[in-house]
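What follows is the content of query_21.csv (CSV, C-alpha atoms).
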chain,number,residue,atom,x,y,z
A,12,MET,CA,0.1,-4.3,0.9
A,13,SER,CA,0.8,-1.9,-0.3
A,14,ASP,CA,3.4,0.3,-0.7
A,15,GLN,CA,2.0,-1.9,-1.0
A,16,ASP,CA,1.3,-5.5,-1.0
A,17,GLU,CA,-2.3,-5.7,0.0
A,18,ASP,CA,-3.7,-2.9,-2.1
A,19,PHE,CA,-7.0,-3.6,-3.9
A,20,GLU,CA,-9.8,-1.8,-5.7
A,21,THR,CA,-12.3,-0.4,-3.3
A,22,GLY,CA,-15.5,-1.2,-5.2
A,23,GLU,CA,-18.7,-0.2,-3.5
A,24,VAL,CA,-18.9,0.1,0.3
A,25,ARG,CA,-22.3,-0.2,1.9
A,26,GLU,CA,-23.0,0.8,5.5
A,27,ALA,CA,-25.8,0.1,8.0
A,28,ILE,CA,-26.4,0.3,11.7
A,29,ALA,CA,-28.1,-2.8,13.1
A,30,PRO,CA,-31.4,-2.0,14.7
A,31,ALA,CA,-32.9,-3.9,17.7
A,32,ASP,CA,-35.3,-5.8,15.3
A,33,ALA,CA,-32.6,-6.9,12.9
A,34,GLY,CA,-33.4,-10.5,13.5
A,35,ASP,CA,-31.4,-13.6,14.4
A,36,ARG,CA,-29.0,-13.8,11.4
A,37,VAL,CA,-26.8,-11.1,9.9
A,38,ASP,CA,-27.0,-12.6,6.4
A,39,ALA,CA,-30.8,-12.6,6.4
A,40,TRP,CA,-30.9,-9.0,7.8
A,41,LEU,CA,-28.6,-7.6,5.1
A,42,ALA,CA,-30.3,-9.5,2.3
A,43,LYS,CA,-33.6,-7.9,3.4
A,44,LEU,CA,-32.0,-4.5,3.8
A,45,TRP,CA,-30.5,-4.6,0.3
A,46,PRO,CA,-32.9,-6.5,-1.9
A,47,ASP,CA,-30.5,-6.4,-4.9
A,48,LEU,CA,-28.2,-8.8,-2.9
A,49,SER,CA,-29.4,-12.4,-2.5
A,50,ARG,CA,-28.8,-14.1,0.8
A,51,SER,CA,-26.3,-16.5,-0.8
A,52,ARG,CA,-24.5,-13.5,-2.3
A,53,VAL,CA,-24.2,-12.0,1.2
A,54,GLN,CA,-23.0,-15.3,2.6
A,55,GLY,CA,-20.3,-15.5,-0.1
A,56,LEU,CA,-19.1,-12.0,0.7
A,57,ILE,CA,-19.0,-12.8,4.4
A,58,GLY,CA,-17.0,-15.9,3.6
A,59,ALA,CA,-14.6,-13.7,1.6
A,60,GLY,CA,-14.0,-11.4,4.5
A,61,LYS,CA,-15.9,-8.5,3.0
A,62,LEU,CA,-18.2,-7.7,6.0
A,63,SER,CA,-17.1,-6.0,9.2
A,64,VAL,CA,-18.8,-4.6,12.3
A,65,ASP,CA,-17.2,-1.7,14.1
A,66,GLY,CA,-14.0,-2.4,12.2
A,67,ALA,CA,-13.8,-6.1,13.1
A,68,PRO,CA,-14.4,-8.8,10.5
A,69,VAL,CA,-17.7,-10.8,10.6
A,70,THR,CA,-16.7,-14.4,10.0
A,71,HIS,CA,-20.1,-16.3,10.2
A,72,ALA,CA,-23.2,-15.5,8.3
A,73,LYS,CA,-25.3,-17.0,11.1
A,74,ASP,CA,-24.1,-14.5,13.7
A,75,LYS,CA,-26.8,-12.4,15.3
A,76,PRO,CA,-26.6,-8.8,14.3
A,77,ARG,CA,-24.9,-6.6,17.0
A,78,VAL,CA,-27.5,-4.0,17.9
A,79,GLY,CA,-26.1,-0.5,17.3
A,80,GLY,CA,-23.1,-2.0,15.5
A,81,ARG,CA,-21.9,-0.2,12.4
A,82,TYR,CA,-21.7,-2.8,9.6
A,83,GLU,CA,-19.7,-2.3,6.4
A,84,LEU,CA,-20.0,-4.5,3.4
A,85,LEU,CA,-17.4,-4.2,0.6
A,86,LEU,CA,-18.7,-5.2,-2.8
A,87,PRO,CA,-15.7,-5.9,-5.1
A,88,PRO,CA,-15.8,-4.2,-8.5
A,89,PRO,CA,-16.9,-6.4,-11.4
A,90,GLU,CA,-14.1,-8.6,-12.7
A,91,PRO,CA,-12.7,-6.8,-15.7
A,92,ALA,CA,-12.1,-8.3,-19.0
A,93,ALA,CA,-8.8,-10.0,-19.7
A,94,PRO,CA,-6.1,-7.4,-20.1
A,95,GLN,CA,-4.4,-7.1,-23.5
A,96,PRO,CA,-0.6,-7.3,-24.1
A,97,GLU,CA,0.9,-3.9,-24.8
A,98,ASN,CA,4.5,-3.2,-25.9
A,99,LEU,CA,5.3,-0.7,-23.2
A,100,PRO,CA,8.9,0.1,-22.0
A,101,ILE,CA,9.8,-1.6,-18.7
A,102,ASN,CA,13.1,-2.0,-16.9
A,103,VAL,CA,13.6,-5.7,-16.3
A,104,VAL,CA,16.5,-6.1,-13.8
A,105,PHE,CA,16.2,-9.9,-13.4
A,106,GLU,CA,14.4,-12.7,-15.2
A,107,ASP,CA,14.6,-16.5,-15.3
A,108,ALA,CA,12.1,-19.2,-16.1
A,109,HIS,CA,10.3,-18.7,-12.8
A,110,LEU,CA,10.0,-15.0,-12.1
A,111,VAL,CA,10.8,-11.5,-13.4
A,112,ILE,CA,11.8,-8.4,-11.3
A,113,VAL,CA,11.0,-5.0,-12.7
A,114,ASP,CA,12.1,-1.5,-11.6
A,115,LYS,CA,8.8,0.2,-12.0
A,116,ALA,CA,8.4,3.8,-13.2
A,117,SER,CA,6.1,6.3,-11.7
A,118,GLY,CA,2.7,6.6,-13.3
A,119,MET,CA,2.3,2.9,-14.1
A,120,ALA,CA,-0.3,1.0,-12.2
A,121,MET,CA,0.4,-2.6,-11.3
A,122,HIS,CA,-2.6,-4.2,-13.0
A,123,PRO,CA,-5.8,-3.2,-14.8
A,124,ALA,CA,-8.8,-2.0,-12.8
A,125,PRO,CA,-12.3,-0.8,-13.9
A,126,GLY,CA,-11.8,2.5,-15.8
A,127,SER,CA,-8.1,1.9,-16.3
A,128,MET,CA,-7.6,-1.2,-18.3
A,129,ARG,CA,-4.5,-0.2,-20.3
A,130,GLY,CA,-0.9,1.0,-19.7
A,131,THR,CA,-0.3,-1.2,-16.6
A,132,LEU,CA,2.6,-3.4,-15.7
A,133,VAL,CA,0.5,-6.5,-16.4
A,134,ASN,CA,-0.2,-5.2,-19.9
A,135,ALA,CA,3.5,-4.7,-20.4
A,136,LEU,CA,4.4,-8.1,-19.0
A,137,LEU,CA,1.8,-9.9,-21.1
A,138,ALA,CA,3.7,-8.6,-24.1
A,139,HIS,CA,7.1,-9.4,-22.6
A,140,CYS,CA,6.3,-12.9,-21.2
A,141,GLY,CA,3.5,-14.1,-23.3
A,142,ASP,CA,1.2,-16.6,-21.6
A,143,SER,CA,3.8,-17.7,-19.0
A,144,LEU,CA,2.5,-15.5,-16.1
A,145,SER,CA,1.0,-17.3,-13.1
A,146,GLY,CA,-2.8,-17.6,-13.2
A,147,ILE,CA,-3.2,-17.4,-9.4
A,148,GLY,CA,-3.7,-13.7,-9.5
A,149,GLY,CA,-6.8,-14.1,-11.6
A,150,VAL,CA,-7.6,-12.8,-15.1
A,151,ALA,CA,-6.8,-9.2,-14.3
A,152,ARG,CA,-3.7,-9.8,-12.2
A,153,PRO,CA,-1.7,-12.6,-13.6
A,154,GLY,CA,1.6,-13.1,-11.8
A,155,ILE,CA,1.1,-10.3,-9.4
A,156,VAL,CA,2.2,-11.3,-5.9
A,157,HIS,CA,2.6,-7.9,-4.3
A,158,ARG,CA,2.0,-4.3,-5.3
A,159,ILE,CA,3.3,-0.8,-4.9
A,160,ASP,CA,1.2,2.2,-5.6
A,161,LYS,CA,0.9,3.6,-9.1
A,162,ASP,CA,3.1,6.7,-8.4
A,163,THR,CA,5.6,4.9,-6.2
A,164,THR,CA,8.8,3.8,-8.1
A,165,GLY,CA,11.0,0.8,-7.6
A,166,LEU,CA,11.4,-2.9,-7.4
A,167,VAL,CA,8.6,-5.5,-7.7
A,168,VAL,CA,8.7,-9.2,-8.4
A,169,VAL,CA,6.2,-11.1,-10.6
A,170,ALA,CA,5.7,-14.8,-10.8
A,171,LYS,CA,5.8,-16.6,-14.2
A,172,HIS,CA,4.0,-19.8,-13.0
A,173,ASP,CA,1.9,-21.0,-10.2
A,174,ALA,CA,4.6,-22.8,-8.2
A,175,ALA,CA,6.7,-19.6,-8.1
A,176,HIS,CA,3.6,-17.6,-7.2
A,177,THR,CA,2.8,-19.9,-4.3
A,178,GLY,CA,6.5,-19.8,-3.1
A,179,LEU,CA,6.7,-16.0,-3.2
A,180,ALA,CA,3.3,-15.6,-1.5
A,181,LYS,CA,4.6,-17.7,1.4
A,182,LEU,CA,7.7,-15.4,1.7
A,183,PHE,CA,5.4,-12.4,1.8
A,184,ALA,CA,3.1,-14.0,4.3
A,185,LYS,CA,6.0,-14.8,6.6
A,186,HIS,CA,7.6,-11.3,5.9
A,187,ASP,CA,10.7,-13.2,5.0
A,188,LEU,CA,12.1,-10.7,2.5
A,189,GLU,CA,14.2,-7.6,2.7
A,190,ARG,CA,12.3,-4.6,1.5
A,191,VAL,CA,13.8,-1.1,1.8
A,192,TYR,CA,12.1,2.1,0.8
A,193,TYR,CA,13.5,5.7,0.6
A,194,ALA,CA,11.1,8.4,1.6
A,195,VAL,CA,11.4,12.2,1.5
A,196,THR,CA,9.1,13.8,4.1
A,197,ARG,CA,7.7,17.1,5.1
A,198,GLY,CA,9.2,17.7,8.5
A,199,ALA,CA,10.9,14.8,10.3
A,200,PRO,CA,10.1,12.2,13.0
A,201,LYS,CA,10.8,13.4,16.5
A,202,GLU,CA,12.9,10.3,17.1
A,203,ARG,CA,15.6,9.9,14.4
A,204,VAL,CA,15.4,6.1,14.5
A,205,GLY,CA,12.3,4.2,15.5
A,206,THR,CA,9.8,1.4,14.9
A,207,ILE,CA,6.1,2.2,14.2
A,208,GLU,CA,3.9,-0.7,15.3
A,209,ASN,CA,0.2,-0.5,15.4
A,210,ARG,CA,-3.0,-1.4,13.5
A,211,LEU,CA,-4.2,0.2,10.3
A,212,VAL,CA,-7.8,0.5,9.4
A,213,ARG,CA,-9.7,2.1,6.5
A,214,SER,CA,-10.6,5.7,7.4
A,215,SER,CA,-14.3,6.3,8.0
A,216,GLU,CA,-13.9,9.9,6.7
A,217,ASP,CA,-12.1,9.0,3.5
A,218,ARG,CA,-12.4,5.5,2.2
A,219,ARG,CA,-9.2,5.9,0.1
A,220,LYS,CA,-7.1,6.3,3.2
A,221,TYR,CA,-5.8,4.1,6.1
A,222,VAL,CA,-5.4,5.4,9.6
A,223,VAL,CA,-3.9,4.1,12.8
A,224,VAL,CA,-6.5,2.5,15.2
A,225,ARG,CA,-6.6,4.7,18.3
A,226,ASP,CA,-7.4,2.0,20.8
A,227,PRO,CA,-4.3,-0.1,21.3
A,228,LYS,CA,-6.5,-3.0,22.6
A,229,SER,CA,-8.7,-3.0,19.5
A,230,GLU,CA,-8.5,-5.9,17.1
A,231,ALA,CA,-9.8,-3.8,14.2
A,232,GLY,CA,-7.7,-3.4,11.1
A,233,LYS,CA,-4.4,-5.1,10.4
A,234,HIS,CA,-1.2,-5.3,12.3
A,235,ALA,CA,1.5,-3.1,10.7
A,236,ILE,CA,5.2,-2.7,11.5
A,237,THR,CA,7.6,-0.2,9.8
A,238,GLN,CA,11.2,0.5,10.9
A,239,TYR,CA,12.8,3.8,9.9
A,240,TRP,CA,16.1,5.6,10.1
A,241,THR,CA,16.7,9.3,9.4
A,242,ILE,CA,19.5,9.4,6.8
A,243,GLU,CA,19.5,13.2,6.3
A,244,SER,CA,17.5,16.2,7.5
A,245,PHE,CA,17.2,19.5,5.7
A,246,GLY,CA,16.8,23.0,7.0
A,247,GLN,CA,14.8,24.2,9.9
A,248,GLN,CA,11.2,25.0,10.3
A,249,PRO,CA,10.6,28.7,11.1
A,250,GLU,CA,9.5,29.8,14.6
A,251,THR,CA,10.5,26.4,16.1
A,252,SER,CA,13.2,25.4,18.5
A,253,ALA,CA,16.4,23.8,17.1
A,254,GLY,CA,16.0,20.3,15.8
A,255,HIS,CA,12.8,20.7,13.8
A,256,PRO,CA,13.9,20.0,10.2
A,257,ALA,CA,11.9,21.3,7.3
A,258,ALA,CA,12.3,18.0,5.5
A,259,ALA,CA,14.1,14.6,5.8
A,260,LEU,CA,15.2,11.6,3.9
A,261,LEU,CA,14.2,8.4,5.6
A,262,GLU,CA,15.1,4.7,5.1
A,263,CYS,CA,12.0,2.6,5.8
A,264,ARG,CA,12.0,-1.2,6.2
A,265,LEU,CA,8.7,-3.1,6.0
A,266,HIS,CA,8.1,-6.0,8.4
A,267,THR,CA,4.5,-6.2,7.1
A,268,GLY,CA,3.0,-5.2,3.8
A,269,ARG,CA,-0.3,-3.3,4.4
A,270,THR,CA,-2.0,-1.0,2.0
A,271,HIS,CA,-0.4,2.5,2.1
A,272,GLN,CA,1.6,1.3,5.1
A,273,ILE,CA,4.6,3.8,4.8
A,274,ARG,CA,2.4,6.6,3.7
A,275,ALA,CA,-0.1,6.2,6.6
A,276,HIS,CA,2.6,5.6,9.2
A,277,LEU,CA,4.7,8.6,8.3
A,278,ALA,CA,1.5,10.8,8.2
A,279,HIS,CA,0.7,9.4,11.7
A,280,LEU,CA,4.1,10.6,12.9
A,281,GLY,CA,3.4,14.1,11.6
A,282,CYS,CA,5.8,13.9,8.7
A,283,PRO,CA,3.9,12.9,5.5
A,284,LEU,CA,5.6,12.2,2.3
A,285,ILE,CA,6.4,15.2,0.1
A,286,GLY,CA,4.0,15.2,-2.8
A,287,ASP,CA,1.5,12.8,-1.3
A,288,PRO,CA,-1.9,13.8,-2.6
A,289,LEU,CA,-3.8,11.7,-0.1
A,290,TYR,CA,-1.9,11.8,3.2
A,291,GLY,CA,0.1,15.1,3.0
A,292,LYS,CA,-2.0,17.4,0.8
A,293,GLN,CA,-3.1,19.6,3.7
A,294,ARG,CA,0.3,20.2,5.2
A,295,ALA,CA,2.2,23.3,4.1
A,296,PHE,CA,6.0,23.2,3.6
A,297,LYS,CA,7.8,25.6,5.9
A,298,ALA,CA,11.5,26.5,6.0
A,299,GLU,CA,13.7,29.4,6.7
A,300,GLY,CA,16.9,30.7,5.2
A,301,PRO,CA,18.0,32.2,1.8
A,302,HIS,CA,16.9,29.1,-0.2
A,303,ALA,CA,13.6,28.5,1.5
A,304,ALA,CA,11.5,29.9,-1.4
A,305,GLU,CA,13.4,27.7,-3.9
A,306,ALA,CA,12.8,24.6,-1.7
A,307,ALA,CA,9.1,25.4,-1.2
A,308,GLU,CA,8.7,25.8,-5.0
A,309,ALA,CA,10.4,22.4,-5.6
A,310,VAL,CA,8.2,20.7,-2.9
A,311,ALA,CA,5.0,22.2,-4.3
A,312,ALA,CA,5.9,21.1,-7.8
A,313,PHE,CA,6.8,17.5,-6.9
A,314,PRO,CA,4.2,15.5,-8.8
A,315,ARG,CA,3.8,12.4,-6.7
A,316,GLN,CA,4.5,10.9,-3.3
A,317,ALA,CA,8.3,10.9,-2.8
A,318,LEU,CA,8.6,7.1,-2.2
A,319,HIS,CA,10.9,4.6,-3.8
A,320,ALA,CA,11.2,0.8,-3.4
A,321,ALA,CA,15.0,0.7,-3.4
A,322,VAL,CA,15.9,-2.8,-2.2
A,323,LEU,CA,14.3,-6.2,-2.7
A,324,GLY,CA,16.0,-9.3,-1.3
A,325,PHE,CA,14.7,-12.9,-0.9
A,326,VAL,CA,15.5,-16.5,-1.4
A,327,HIS,CA,14.4,-17.7,-4.8
A,328,PRO,CA,11.3,-19.9,-4.1
A,329,ILE,CA,12.3,-22.5,-6.8
A,330,THR,CA,16.1,-22.5,-7.0
A,331,GLY,CA,17.0,-21.5,-3.5
A,332,GLN,CA,19.3,-18.8,-4.8
A,333,GLU,CA,19.8,-15.8,-2.6
A,334,LEU,CA,18.7,-12.7,-4.6
A,335,ARG,CA,19.1,-9.1,-3.7
A,336,PHE,CA,18.5,-6.1,-6.0
A,337,GLU,CA,19.0,-2.4,-5.5
A,338,SER,CA,17.5,0.5,-7.5
A,339,GLU,CA,18.9,4.0,-7.6
A,340,LEU,CA,16.7,6.9,-6.6
A,341,PRO,CA,14.7,8.1,-9.6
A,342,ALA,CA,15.7,11.4,-11.2
A,343,ASP,CA,12.8,13.4,-9.7
A,344,MET,CA,13.6,12.4,-6.1
A,345,ALA,CA,17.4,13.0,-6.7
A,346,ALA,CA,16.7,16.5,-8.0
A,347,LEU,CA,14.4,17.2,-5.1
A,348,LEU,CA,17.1,16.2,-2.6
A,349,ILE,CA,19.7,18.5,-4.4
A,350,THR,CA,17.3,21.4,-3.8
A,351,LEU,CA,16.6,20.5,-0.2
A,352,ARG,CA,20.3,20.2,0.6
A,353,LYS,CA,20.6,23.9,0.0
A,354,LEU,CA,18.5,24.7,3.1
Kindly present the structure from the file in structure tokens form.
Amino acid sequence: MSDQDEDFETGEVREAIAPADAGDRVDAWLAKLWPDLSRSRVQGLIGAGKLSVDGAPVTHAKDKPRVGGRYELLLPPPEPAAPQPENLPINVVFEDAHLVIVDKASGMAMHPAPGSMRGTLVNALLAHCGDSLSGIGGVARPGIVHRIDKDTTGLVVVAKHDAAHTGLAKLFAKHDLERVYYAVTRGAPKERVGTIENRLVRSSEDRRKYVVVRDPKSEAGKHAITQYWTIESFGQQPETSAGHPAAALLECRLHTGRTHQIRAHLAHLGCPLIGDPLYGKQRAFKAEGPHAAEAAEAVAAFPRQALHAAVLGFVHPITGQELRFESELPADMAALLITLRKL
């Protein structure tokens, strides 16, 4: 979702407001509205869950258009050509005949996408594993069961064959895994320990982002649950009462795997990830004390969202073995914490 497990390429998004004379069927209306899309193509996209009205999925092509409803149709990007093997350095922490677990570095995308067909984890694994990766993920995503963002570091599991892929997918669908992330935030949550539970939907203002659905009764978006604990807090924000840290180190545990889940949830709490170009760019770092300038410089220079997938634990889908792996904080996050601890 992201972080995470359900991340996907946006493709093209088309929007339309249904008029009073839209007709009796939503597929016929949209095919007439967009002549480059055949009615059967629209029906296929609806069946794939690519059409929504006011944030809620449209499940039947024969539905009558909702007058005044805001319809969004997601056209997936063209299927890219088969990725090529590349001899890239990867840190394999576990491998058997069924799956491989990699400690992914920052800057490496999980799989090829239009405009970025090389240098991905899939390219590296094709060279490492040959033709043994599961085909369930499609030509561009062989073996990929879940994903973390390009600039998020840490542990991911990839399936070598279809049976392992299916078994892992069931674990993720049931959220029957241990997934722990470490996050360094600007500011800190008001409550030191908490659970964030709400629904996340794609932002209407920035299609790259996900935001919390405001209406708690709404069925729009997807249910998302993140638990967090404040491990350390650093410094004090100027001109605030005691207990307003300038930054914090959080442990986050995922109970669902939505796209950008941790990034969106922490931004919703008012403490976005340091270095996050999408969810925290507009927030200035503020601290007081003799090392405030040094900390502000380190925060401003941090090149990515400060998020690391540190623990991955699950029962092996084929052998039944209990597996649990830990990954140390990468050097850039460790160095950032050294500076923040001076506050």
- [ ] Calculate how many Å separate atom CA of Pro227 of chain A from atom CA of Ala275 of chain A, rounding to one decimal.
- [x] 16.5 Å
TODO: Record the distance separating atom CA of Leu340 of chain A and atom CA of Arg264 of chain A, expressed in Å with one decimal.
DONE: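 According to the coordinates, atom CA of Leu340 of chain A and atom CA of Arg264 of chain A are separated by 15.9 Å.
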- [ ] Kindly indicate which residue among A:Gly198, A:Pro96, A:Pro68, A:Gly286 lies nearest to Leu260 of chain A, using all atoms listed in the file for the distances.
- [x] A:Gly198
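Of the residues listed (A:Leu318, A:Ile273, A:Ile57, A:Ala116), A:Ile273 shows the shortest atom-to-atom separation from Tyr221 of chain A; distances use all atoms listed in the file.
Shortest atom-to-atom contact with His271 of chain A among A:Ala257, A:Ala306, A:Ile349, A:Ile159: A:Ile159, counting only C-alpha atoms.
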Task: Minimum-distance residue to Pro314 of chain A, chosen among A:Gln332, A:Asp287, A:Arg81, A:Ile101 (using all atoms listed in the file) - done: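 So, comparing all the options, the nearest one is A:Asp287.
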- [ ] Considering all atoms listed in the file, state which residue in the set A:Pro249, A:Arg274, A:Ser338, A:Ser49 is at the smallest distance from Leu211 of chain A.
- [x] A:Arg274
Task: atom CA of His122 of chain A to atom CA of Thr164 of chain A, straight-line distance in Å - done: 14.8 Å
Task: Residue nearest Leu348 of chain A - candidates A:Thr196, A:Ser215, A:Asn209, A:Thr267, atoms counted: only C-alpha atoms - done: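 Of the candidates, the smallest distance to Leu348 of chain A is held by A:Thr196.
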TODO: Tell me which protein, DNA and RNA residues are within 6 Å of segment 139-148 of chain A, counting all atoms listed in the file, leaving out same-chain ones fewer than 3 positions away, and put them as JSON, numbers by chain.
DONE: {"A": [136, 152, 153, 154, 155, 170, 171, 172, 173]}
Task: Distance query segment 33-38 of chain A at most 9 Å, only C-alpha atoms, self and fewer than 5 positions along chain excluded, as a list in words - done: Lys43, Arg50, Ser51, Val53, Gln54, Ile57, His71, Ala72, Lys73, Asp74, Lys75, Pro76, Arg77 and Val78 of chain A
Task: Spatial sel., origin (7.9, -4.1, 6.2), limit 12 Å, only C-alpha atoms, listed as a PyMOL selection string - done: chain A and resi 12-16+183-192+206-208+234-239+262-273+276+320+322-323
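Those residues that approach segment 324-329 of chain A to within 9 Å, counting all atoms listed in the file, are His109, Leu110, Ala174, Ala175, His176, Thr177, Gly178, Leu179, Lys181, Leu182, Asp187, Leu188, Glu189, Arg190, Arg335, Phe336 and Glu337 of chain A; same-chain residues fewer than 6 positions away are not listed.
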Taking C-alpha atoms for each residue, export the selection above as an mmCIF file, in the frame of the given file.
data_model
loop_
_atom_site.group_PDB
_atom_site.id
_atom_site.type_symbol
_atom_site.label_atom_id
_atom_site.label_comp_id
_atom_site.auth_asym_id
_atom_site.auth_seq_id
_atom_site.Cartn_x
_atom_site.Cartn_y
_atom_site.Cartn_z
ATOM 1 C CA HIS A 109 10.300 -18.700 -12.800
ATOM 2 C CA LEU A 110 10.000 -15.000 -12.100
ATOM 3 C CA ALA A 174 4.600 -22.800 -8.200
ATOM 4 C CA ALA A 175 6.700 -19.600 -8.100
ATOM 5 C CA HIS A 176 3.600 -17.600 -7.200
ATOM 6 C CA THR A 177 2.800 -19.900 -4.300
ATOM 7 C CA GLY A 178 6.500 -19.800 -3.100
ATOM 8 C CA LEU A 179 6.700 -16.000 -3.200
ATOM 9 C CA LYS A 181 4.600 -17.700 1.400
ATOM 10 C CA LEU A 182 7.700 -15.400 1.700
ATOM 11 C CA ASP A 187 10.700 -13.200 5.000
ATOM 12 C CA LEU A 188 12.100 -10.700 2.500
ATOM 13 C CA GLU A 189 14.200 -7.600 2.700
ATOM 14 C CA ARG A 190 12.300 -4.600 1.500
ATOM 15 C CA ARG A 335 19.100 -9.100 -3.700
ATOM 16 C CA PHE A 336 18.500 -6.100 -6.000
ATOM 17 C CA GLU A 337 19.000 -2.400 -5.500
#
Task: Polymer residues at most 8 Å from Phe245 of chain A, only C-alpha atoms, same-chain spacing of 5 or more positions, as a list in words - done: Pro256, Ala257, Ala258, Ala259, Leu351, Arg352, Lys353 and Leu354 of chain A
